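Note: the block below is coords32.txt and it holds compact mmCIF, C-alpha atoms.
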# COMPACT_ATOMS: atom_id res chain seq x y z
CA MET Q 1 -19.66 -14.17 18.05
CA SER Q 2 -19.84 -11.12 15.87
CA LYS Q 3 -18.06 -11.28 12.50
CA LYS Q 4 -16.59 -8.45 10.51
CA ILE Q 5 -18.37 -8.49 7.16
CA LEU Q 6 -17.72 -6.05 4.33
CA PHE Q 7 -20.15 -5.66 1.44
CA ILE Q 8 -18.46 -4.47 -1.76
CA SER Q 9 -20.73 -2.78 -4.28
CA ARG Q 10 -19.11 -2.19 -7.66
CA ARG Q 11 -21.98 -1.70 -10.12
CA SER Q 12 -23.92 1.35 -11.21
CA PRO Q 13 -27.57 1.51 -10.17
CA TYR Q 14 -30.64 0.56 -12.30
CA GLY Q 15 -29.05 -1.24 -15.29
CA LEU Q 16 -28.76 -4.52 -13.40
CA SER Q 17 -30.03 -5.54 -9.98
CA TYR Q 18 -26.59 -5.84 -8.30
CA ALA Q 19 -26.72 -2.45 -6.59
CA ARG Q 20 -30.21 -3.06 -5.22
CA ASP Q 21 -29.29 -6.60 -4.17
CA ALA Q 22 -26.27 -5.35 -2.24
CA LEU Q 23 -28.38 -2.86 -0.27
CA ASP Q 24 -31.11 -5.45 0.38
CA ALA Q 25 -28.55 -7.96 1.65
CA LEU Q 26 -26.80 -5.29 3.70
CA LEU Q 27 -30.02 -4.19 5.42
CA ALA Q 28 -30.98 -7.82 6.05
CA ALA Q 29 -27.55 -8.61 7.50
CA SER Q 30 -27.73 -5.60 9.81
CA VAL Q 31 -30.47 -7.37 11.79
CA TYR Q 32 -28.06 -10.10 12.92
CA ASP Q 33 -25.88 -7.92 15.11
CA GLN Q 34 -22.69 -8.38 13.09
CA ASP Q 35 -19.92 -5.85 12.52
CA ILE Q 36 -20.83 -4.85 8.98
CA GLY Q 37 -19.80 -2.17 6.52
CA ILE Q 38 -20.12 -1.37 2.84
CA LEU Q 39 -17.53 -0.23 0.32
CA PHE Q 40 -18.59 1.50 -2.89
CA MET Q 41 -16.02 1.24 -5.68
CA ASP Q 42 -15.79 1.31 -9.49
CA ASP Q 43 -19.20 2.24 -10.99
CA GLY Q 44 -20.73 1.52 -7.57
CA VAL Q 45 -19.95 5.13 -6.64
CA PHE Q 46 -22.70 6.24 -9.04
CA GLN Q 47 -25.21 4.79 -6.55
CA LEU Q 48 -24.32 7.66 -4.23
CA LEU Q 49 -24.97 10.51 -6.67
CA LYS Q 50 -27.39 13.25 -5.68
CA GLN Q 51 -30.35 14.14 -7.92
CA GLN Q 52 -31.20 10.59 -8.96
CA ASP Q 53 -34.76 10.47 -10.32
CA SER Q 54 -35.84 7.02 -11.45
CA SER Q 55 -39.54 7.90 -11.80
CA ASN Q 56 -39.47 7.48 -15.60
CA ILE Q 57 -37.89 4.02 -15.59
CA ALA Q 58 -40.38 2.43 -13.17
CA GLN Q 59 -37.76 1.62 -10.54
CA LYS Q 60 -37.32 2.70 -6.95
CA ASN Q 61 -34.92 5.58 -6.39
CA LEU Q 62 -31.88 3.84 -4.98
CA ALA Q 63 -30.41 6.98 -3.44
CA ALA Q 64 -33.60 7.37 -1.40
CA ILE Q 65 -32.81 4.10 0.38
CA LEU Q 66 -29.33 5.19 1.44
CA PRO Q 67 -30.34 7.46 4.34
CA ALA Q 68 -31.98 4.33 5.84
CA LEU Q 69 -28.51 2.89 6.45
CA GLU Q 70 -28.17 5.22 9.43
CA LEU Q 71 -31.49 4.00 10.87
CA TYR Q 72 -30.14 0.46 10.64
CA GLU Q 73 -27.03 1.65 12.48
CA ILE Q 74 -24.77 0.93 9.54
CA LYS Q 75 -22.07 3.51 10.08
CA LYS Q 76 -19.13 2.00 8.23
CA ILE Q 77 -19.74 3.36 4.76
CA TYR Q 78 -16.64 3.62 2.58
CA VAL Q 79 -16.06 5.03 -0.90
CA GLN Q 80 -12.92 4.38 -2.92
CA ARG Q 81 -11.23 7.70 -3.66
CA GLU Q 82 -9.69 6.52 -6.96
CA SER Q 83 -13.12 5.52 -8.29
CA LEU Q 84 -14.53 8.98 -7.48
CA GLU Q 85 -11.56 10.75 -9.05
CA ALA Q 86 -11.69 8.67 -12.23
CA ARG Q 87 -15.32 9.79 -12.65
CA ARG Q 88 -14.60 13.43 -11.70
CA LEU Q 89 -16.84 13.14 -8.61
CA GLY Q 90 -16.29 14.56 -5.15
CA ALA Q 91 -17.80 14.35 -1.67
CA SER Q 92 -20.20 17.24 -2.45
CA ASP Q 93 -21.78 15.17 -5.28
CA LEU Q 94 -22.80 12.37 -2.91
CA VAL Q 95 -26.05 11.88 -0.98
CA LEU Q 96 -24.55 10.82 2.35
CA ASP Q 97 -22.42 13.04 4.57
CA ASP Q 98 -21.01 10.43 6.94
CA LEU Q 99 -18.90 8.65 4.35
CA HIS Q 100 -15.32 7.55 4.69
CA ILE Q 101 -13.53 8.30 1.43
CA ILE Q 102 -10.50 6.02 1.39
CA ASP Q 103 -7.67 5.40 -1.05
CA ASN Q 104 -6.38 2.08 -2.42
CA GLU Q 105 -3.93 1.56 0.43
CA GLU Q 106 -6.71 2.06 2.99
CA VAL Q 107 -8.97 -0.30 1.01
CA ARG Q 108 -6.18 -2.89 1.16
CA GLN Q 109 -6.03 -2.54 4.97
CA LEU Q 110 -9.84 -2.60 5.24
CA LEU Q 111 -10.09 -5.87 3.28
CA ALA Q 112 -7.39 -7.46 5.42
CA GLN Q 113 -9.39 -6.74 8.60
CA GLN Q 114 -12.53 -8.61 7.48
CA ASP Q 115 -13.80 -12.10 8.27
CA GLN Q 116 -16.06 -12.20 5.22
CA LEU Q 117 -16.20 -10.26 1.96
CA LEU Q 118 -19.40 -10.16 -0.10
CA SER Q 119 -19.17 -8.64 -3.56
CA PHE Q 120 -22.03 -7.33 -5.65
CA MET C 1 -4.48 -12.78 7.12
CA SER C 2 -4.38 -12.98 3.37
CA THR C 3 -7.15 -12.85 0.81
CA LEU C 4 -7.74 -15.12 -2.17
CA HIS C 5 -9.09 -13.08 -5.09
CA THR C 6 -10.93 -14.76 -7.95
CA VAL C 7 -11.40 -12.98 -11.29
CA ASN C 8 -13.65 -14.35 -14.04
CA LYS C 9 -13.64 -11.57 -16.65
CA SER C 10 -11.29 -10.97 -19.58
CA PRO C 11 -9.12 -7.84 -19.24
CA PHE C 12 -9.78 -7.16 -22.94
CA SER C 13 -13.44 -6.38 -22.22
CA HIS C 14 -13.65 -5.55 -18.50
CA THR C 15 -11.73 -3.60 -15.85
CA THR C 16 -12.44 -6.30 -13.25
CA LEU C 17 -8.85 -7.55 -13.08
CA ALA C 18 -7.49 -3.99 -12.86
CA SER C 19 -9.89 -3.24 -9.97
CA CYS C 20 -8.71 -6.36 -8.17
CA MET C 21 -5.03 -5.57 -8.68
CA ALA C 22 -5.48 -2.01 -7.40
CA VAL C 23 -6.40 -3.23 -3.91
CA CYS C 24 -4.51 -6.53 -3.78
CA SER C 25 -2.02 -6.97 -0.90
CA THR C 26 1.40 -8.55 -1.35
CA ALA C 27 0.46 -11.56 0.81
CA ASP C 28 -2.65 -12.25 -1.31
CA ALA C 29 -3.20 -14.62 -4.22
CA ILE C 30 -5.23 -14.22 -7.41
CA VAL C 31 -6.97 -17.10 -9.18
CA LEU C 32 -7.95 -16.42 -12.79
CA LEU C 33 -10.90 -18.57 -13.86
CA GLU C 34 -13.51 -18.79 -16.62
CA ASP C 35 -12.84 -15.87 -19.04
CA GLY C 36 -10.48 -14.51 -16.39
CA VAL C 37 -7.82 -16.90 -17.71
CA ILE C 38 -7.46 -14.65 -20.76
CA GLY C 39 -5.69 -12.31 -18.34
CA ALA C 40 -3.08 -15.04 -17.84
CA MET C 41 -1.83 -14.65 -21.42
CA ALA C 42 1.69 -13.26 -21.77
CA ASN C 43 0.42 -10.34 -23.90
CA SER C 44 -2.84 -9.50 -22.10
CA PRO C 45 -3.64 -5.84 -21.28
CA CYS C 46 -2.80 -6.43 -17.60
CA ALA C 47 0.31 -8.57 -18.16
CA GLU C 48 2.85 -5.96 -17.02
CA ALA C 49 0.85 -5.02 -13.93
CA LEU C 50 0.45 -8.72 -13.07
CA ASP C 51 4.23 -9.19 -13.47
CA THR C 52 4.83 -6.31 -11.05
CA LEU C 53 2.44 -7.81 -8.49
CA ALA C 54 4.10 -11.21 -8.86
CA GLU C 55 7.51 -9.63 -8.22
CA GLN C 56 6.07 -8.09 -5.05
CA GLY C 57 5.04 -11.55 -3.83
CA VAL C 58 1.44 -11.93 -5.01
CA LYS C 59 0.82 -15.49 -6.20
CA ILE C 60 -1.07 -15.68 -9.48
CA TYR C 61 -2.85 -18.83 -10.61
CA ALA C 62 -5.02 -19.82 -13.55
CA LEU C 63 -7.54 -22.66 -13.51
CA LEU C 64 -6.08 -25.18 -15.95
CA GLY C 65 -9.39 -26.57 -17.22
CA ASP C 66 -10.47 -23.09 -18.30
CA VAL C 67 -7.03 -22.42 -19.87
CA GLN C 68 -7.10 -25.68 -21.85
CA ALA C 69 -10.69 -25.16 -22.94
CA ARG C 70 -9.71 -21.86 -24.52
CA GLY C 71 -6.55 -23.22 -26.19
CA LEU C 72 -4.29 -20.93 -24.15
CA THR C 73 -1.99 -23.52 -22.55
CA THR C 74 1.13 -22.49 -24.49
CA ARG C 75 0.32 -18.78 -24.32
CA LEU C 76 0.47 -18.31 -20.55
CA SER C 77 2.79 -15.79 -18.95
CA GLY C 78 5.68 -17.38 -17.08
CA ARG C 79 4.42 -15.71 -13.89
CA ILE C 80 1.23 -17.77 -13.89
CA THR C 81 0.91 -21.09 -12.06
CA PRO C 82 -1.73 -23.38 -13.58
CA ILE C 83 -3.87 -25.18 -10.96
CA ASP C 84 -6.56 -27.87 -11.00
CA TYR C 85 -9.77 -27.92 -8.97
CA PRO C 86 -8.34 -29.72 -5.88
CA GLU C 87 -5.56 -27.11 -5.72
CA PHE C 88 -8.18 -24.35 -6.04
CA VAL C 89 -10.05 -25.85 -3.07
CA GLN C 90 -6.81 -25.97 -1.06
CA LEU C 91 -6.11 -22.31 -1.82
CA SER C 92 -9.66 -21.40 -0.74
CA THR C 93 -9.12 -23.03 2.64
CA SER C 94 -5.57 -21.78 3.19
CA HIS C 95 -6.58 -18.12 2.85
CA GLN C 96 -8.45 -16.14 5.50
CA ARG C 97 -11.14 -14.96 3.08
CA VAL C 98 -12.15 -15.18 -0.56
CA LEU C 99 -13.16 -12.17 -2.65
CA SER C 100 -14.94 -12.81 -5.93
CA TRP C 101 -14.42 -10.19 -8.65
CA TYR C 102 -17.06 -10.76 -11.31

Go ahead and express the file in the form of structure tokens.
Amino acid sequence: MSKKILFISRRSPYGLSYARDALDALLAASVYDQDIGILFMDDGVFQLLKQQDSSNIAQKNLAAILPALELYEIKKIYVQRESLEARRLGASDLVLDDLHIIDNEEVRQLLAQQDQLLSF
Amino acid sequence: MSTLHTVNKSPFSHTTLASCMAVCSTADAIVLLEDGVIGAMANSPCAEALDTLAEQGVKIYALLGDVQARGLTTRLSGRITPIDYPEFVQLSTSHQRVLSWY
């Protein structure tokens, strides 16, 4: 039976491995035919910024992995509106086009629909 | 269909508790543990917001062992219910899902 699983990614990329770990776990989970999605909130929204260039810190460009989500048929990608606004960011600053930008009330409803929540 | 939130960071040094409270539903419960119990103090940075949530029906708990370890037993807000580990386990099973804020 398929479960609804939401990954919650709340950390900025590169400083710690949380952001990378969330994407790795998400891509791995997508293989198991579950109903999965990911929510970016707090500093996690920085993972979505365009123009990331990690070549001088010897790490993989995290934003380059994001378009792969579509190949893995992960279509439920959410971004918390309040987190974007607090950082003066908008949809045009983000690498993916098929994002759902949702406010706190919608996040509340989204959480309540899930079987499992995994936070990174 | 409620969620049990756990928070393990102090609101004096992290916004973890604020992030949790922003998306917490009225049927949910919050367990403060480890350094999260600092948020259970009557004068913590999130005390007023926690009071408001409690008035709306959110249950707020603090893990007693962590409270005692930090010498905060007499400094807890009246809104906070201290719990032991067996009660924490019960809460984990009586909620639909657990969300760890760390």

Exercise for the section: Could you give me, as a list in words, the residues within 9 Å of Ala112 of chain Q, counting all atoms listed in the file and dropping anything in the same chain fewer than 3 positions from it? Expected result: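 The contact residues come out as Val107, Arg108, Gln109 and Asp115 of chain Q; Met1, Ser2, Thr3, Ser25, Gln96 and Arg97 of chain C.
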
Exercise for the section: Pull out every residue of chain C sitting within 12 Å of chain Q, counting all atoms listed in the file, and send them as a ChimeraX atom specification. Expected result: /C:1-7,14-28,95-102

Problem - Shell of 7 Å around Phe40 of chain Q, only C-alpha atoms, local chain residues under 2 positions omitted, as a ChimeraX atom specification - result: /Q:8-10,38,44-45,78-80

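For the pair atom CA of Asn56 of chain Q and atom CA of Asp21 of chain Q, the interatomic distance is 20.8 Å.
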
Problem - Distance query Phe12 of chain C at most 9 Å, only C-alpha atoms, self and fewer than 2 positions along chain excluded, as a PyMOL selection string - result: chain C and resi 9-10+14-15+38-39+44-46

Practice task
Take the point (-16.3, -27.0, -9.8) in the file's coordinates, draw a sphere of radius 12 Å around it, and report as an MDAnalysis selection string every protein, DNA or RNA residue with an atom inside or on it, counting only C-alpha atoms.
Solution key: chainID C and resid 33:34 63 65:66 84:89

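Restricting the calculation to all atoms listed in the file, the smallest distance between Gln59 of chain Q and any of Q:Val95, Q:Leu16, Q:Leu84, Q:Leu89 is found for Q:Leu16.
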
Exercise for the section: Write out as a list in words the residues lying within 12 Å of Gly15 of chain Q, counting all atoms listed in the file and excluding same-chain residues fewer than 6 positions away. Expected result: Asp43, Gly44, Phe46, Gln47, Ser54, Ile57, Gln59 and Leu62 of chain Q

Exercise for the section: Could you check how far atom CA of Ile30 of chain C sits from atom CA of Ile60 of chain C, in Å to one decimal? Expected result: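 Here the two named atoms are 4.9 Å from each other.
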
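For the pair atom CA of Gly37 of chain Q and atom CA of Asp97 of chain Q, the separation is 15.6 Å.
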
Exercise for the section: Name the closest residue to Leu71 of chain Q among the candidates Q:Lys3, Q:Asp93, Q:Leu27, Q:His100; distances are taken between atoms, counting only C-alpha atoms. Expected result: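 Smallest separation from Leu71 of chain Q among the options: Q:Leu27.
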
Problem - Polymer residues at most 9 Å from Pro82 of chain C, all atoms listed in the file, same-chain spacing of 4 or more positions, as number ranges by chain - result: C: 60-64, 67, 73, 76

Problem - Residue nearest Ile102 of chain Q among Q:Ala63, Q:Lys76, Q:Pro13, Q:Glu70 (counting only C-alpha atoms) - result: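 Closest to Ile102 of chain Q, using only C-alpha atoms: Q:Lys76.
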
Problem - Pick from Q:Tyr18, Q:Leu94, Q:Val31, Q:Leu26, whichever lies nearest to Ser2 of chain Q using all atoms listed in the file - result: Q:Val31

Add whatever atoms are absent from segment 87-109 of chain Q to reach N, CA and C atoms, and provide the output as a PDB file, in the coordinates of the input.
ATOM      1  N   ARG Q  87     -14.028   9.365 -12.104  1.00  0.00           N
ATOM      2  CA  ARG Q  87     -15.320   9.790 -12.650  1.00  0.00           C
ATOM      3  C   ARG Q  87     -15.566  11.278 -12.388  1.00  0.00           C
ATOM      4  N   ARG Q  88     -14.526  11.989 -11.971  1.00  0.00           N
ATOM      5  CA  ARG Q  88     -14.600  13.430 -11.700  1.00  0.00           C
ATOM      6  C   ARG Q  88     -15.712  13.753 -10.694  1.00  0.00           C
ATOM      7  N   LEU Q  89     -15.841  12.916  -9.655  1.00  0.00           N
ATOM      8  CA  LEU Q  89     -16.840  13.140  -8.610  1.00  0.00           C
ATOM      9  C   LEU Q  89     -16.135  13.470  -7.303  1.00  0.00           C
ATOM     10  N   GLY Q  90     -16.843  14.225  -6.449  1.00  0.00           N
ATOM     11  CA  GLY Q  90     -16.290  14.560  -5.150  1.00  0.00           C
ATOM     12  C   GLY Q  90     -17.326  14.362  -4.062  1.00  0.00           C
ATOM     13  N   ALA Q  91     -16.922  14.574  -2.816  1.00  0.00           N
ATOM     14  CA  ALA Q  91     -17.800  14.350  -1.670  1.00  0.00           C
ATOM     15  C   ALA Q  91     -19.093  15.164  -1.786  1.00  0.00           C
ATOM     16  N   SER Q  92     -19.011  16.375  -2.376  1.00  0.00           N
ATOM     17  CA  SER Q  92     -20.200  17.240  -2.450  1.00  0.00           C
ATOM     18  C   SER Q  92     -21.231  16.706  -3.452  1.00  0.00           C
ATOM     19  N   ASP Q  93     -20.842  15.755  -4.301  1.00  0.00           N
ATOM     20  CA  ASP Q  93     -21.780  15.170  -5.280  1.00  0.00           C
ATOM     21  C   ASP Q  93     -22.583  14.011  -4.689  1.00  0.00           C
ATOM     22  N   LEU Q  94     -22.254  13.614  -3.455  1.00  0.00           N
ATOM     23  CA  LEU Q  94     -22.800  12.370  -2.910  1.00  0.00           C
ATOM     24  C   LEU Q  94     -23.918  12.623  -1.898  1.00  0.00           C
ATOM     25  N   VAL Q  95     -24.870  11.681  -1.823  1.00  0.00           N
ATOM     26  CA  VAL Q  95     -26.050  11.880  -0.980  1.00  0.00           C
ATOM     27  C   VAL Q  95     -25.768  11.788   0.515  1.00  0.00           C
ATOM     28  N   LEU Q  96     -24.801  10.991   0.917  1.00  0.00           N
ATOM     29  CA  LEU Q  96     -24.550  10.820   2.350  1.00  0.00           C
ATOM     30  C   LEU Q  96     -23.376  11.684   2.800  1.00  0.00           C
ATOM     31  N   ASP Q  97     -23.485  12.193   4.042  1.00  0.00           N
ATOM     32  CA  ASP Q  97     -22.420  13.040   4.570  1.00  0.00           C
ATOM     33  C   ASP Q  97     -21.399  12.234   5.385  1.00  0.00           C
ATOM     34  N   ASP Q  98     -21.893  11.177   6.045  1.00  0.00           N
ATOM     35  CA  ASP Q  98     -21.010  10.430   6.940  1.00  0.00           C
ATOM     36  C   ASP Q  98     -20.258   9.311   6.241  1.00  0.00           C
ATOM     37  N   LEU Q  99     -19.643   9.646   5.114  1.00  0.00           N
ATOM     38  CA  LEU Q  99     -18.900   8.650   4.350  1.00  0.00           C
ATOM     39  C   LEU Q  99     -17.424   8.707   4.688  1.00  0.00           C
ATOM     40  N   HIS Q 100     -16.775   7.562   4.598  1.00  0.00           N
ATOM     41  CA  HIS Q 100     -15.320   7.550   4.690  1.00  0.00           C
ATOM     42  C   HIS Q 100     -14.768   7.376   3.277  1.00  0.00           C
ATOM     43  N   ILE Q 101     -14.140   8.415   2.757  1.00  0.00           N
ATOM     44  CA  ILE Q 101     -13.530   8.300   1.430  1.00  0.00           C
ATOM     45  C   ILE Q 101     -12.094   7.826   1.624  1.00  0.00           C
ATOM     46  N   ILE Q 102     -11.794   6.644   1.094  1.00  0.00           N
ATOM     47  CA  ILE Q 102     -10.500   6.020   1.390  1.00  0.00           C
ATOM     48  C   ILE Q 102      -9.769   5.646   0.104  1.00  0.00           C
ATOM     49  N   ASP Q 103      -8.452   5.699   0.151  1.00  0.00           N
ATOM     50  CA  ASP Q 103      -7.670   5.400  -1.050  1.00  0.00           C
ATOM     51  C   ASP Q 103      -7.322   3.900  -1.110  1.00  0.00           C
ATOM     52  N   ASN Q 104      -6.647   3.504  -2.188  1.00  0.00           N
ATOM     53  CA  ASN Q 104      -6.380   2.080  -2.420  1.00  0.00           C
ATOM     54  C   ASN Q 104      -5.656   1.421  -1.253  1.00  0.00           C
ATOM     55  N   GLU Q 105      -4.691   2.138  -0.673  1.00  0.00           N
ATOM     56  CA  GLU Q 105      -3.930   1.560   0.430  1.00  0.00           C
ATOM     57  C   GLU Q 105      -4.851   1.297   1.630  1.00  0.00           C
ATOM     58  N   GLU Q 106      -5.764   2.243   1.885  1.00  0.00           N
ATOM     59  CA  GLU Q 106      -6.710   2.060   2.990  1.00  0.00           C
ATOM     60  C   GLU Q 106      -7.723   0.951   2.684  1.00  0.00           C
ATOM     61  N   VAL Q 107      -8.087   0.806   1.401  1.00  0.00           N
ATOM     62  CA  VAL Q 107      -8.970  -0.300   1.010  1.00  0.00           C
ATOM     63  C   VAL Q 107      -8.272  -1.628   1.289  1.00  0.00           C
ATOM     64  N   ARG Q 108      -6.993  -1.687   0.925  1.00  0.00           N
ATOM     65  CA  ARG Q 108      -6.180  -2.890   1.160  1.00  0.00           C
ATOM     66  C   ARG Q 108      -6.222  -3.278   2.649  1.00  0.00           C
ATOM     67  N   GLN Q 109      -6.017  -2.276   3.521  1.00  0.00           N
ATOM     68  CA  GLN Q 109      -6.030  -2.540   4.970  1.00  0.00           C
ATOM     69  C   GLN Q 109      -7.421  -2.947   5.433  1.00  0.00           C
TER      70      GLN Q 109
END
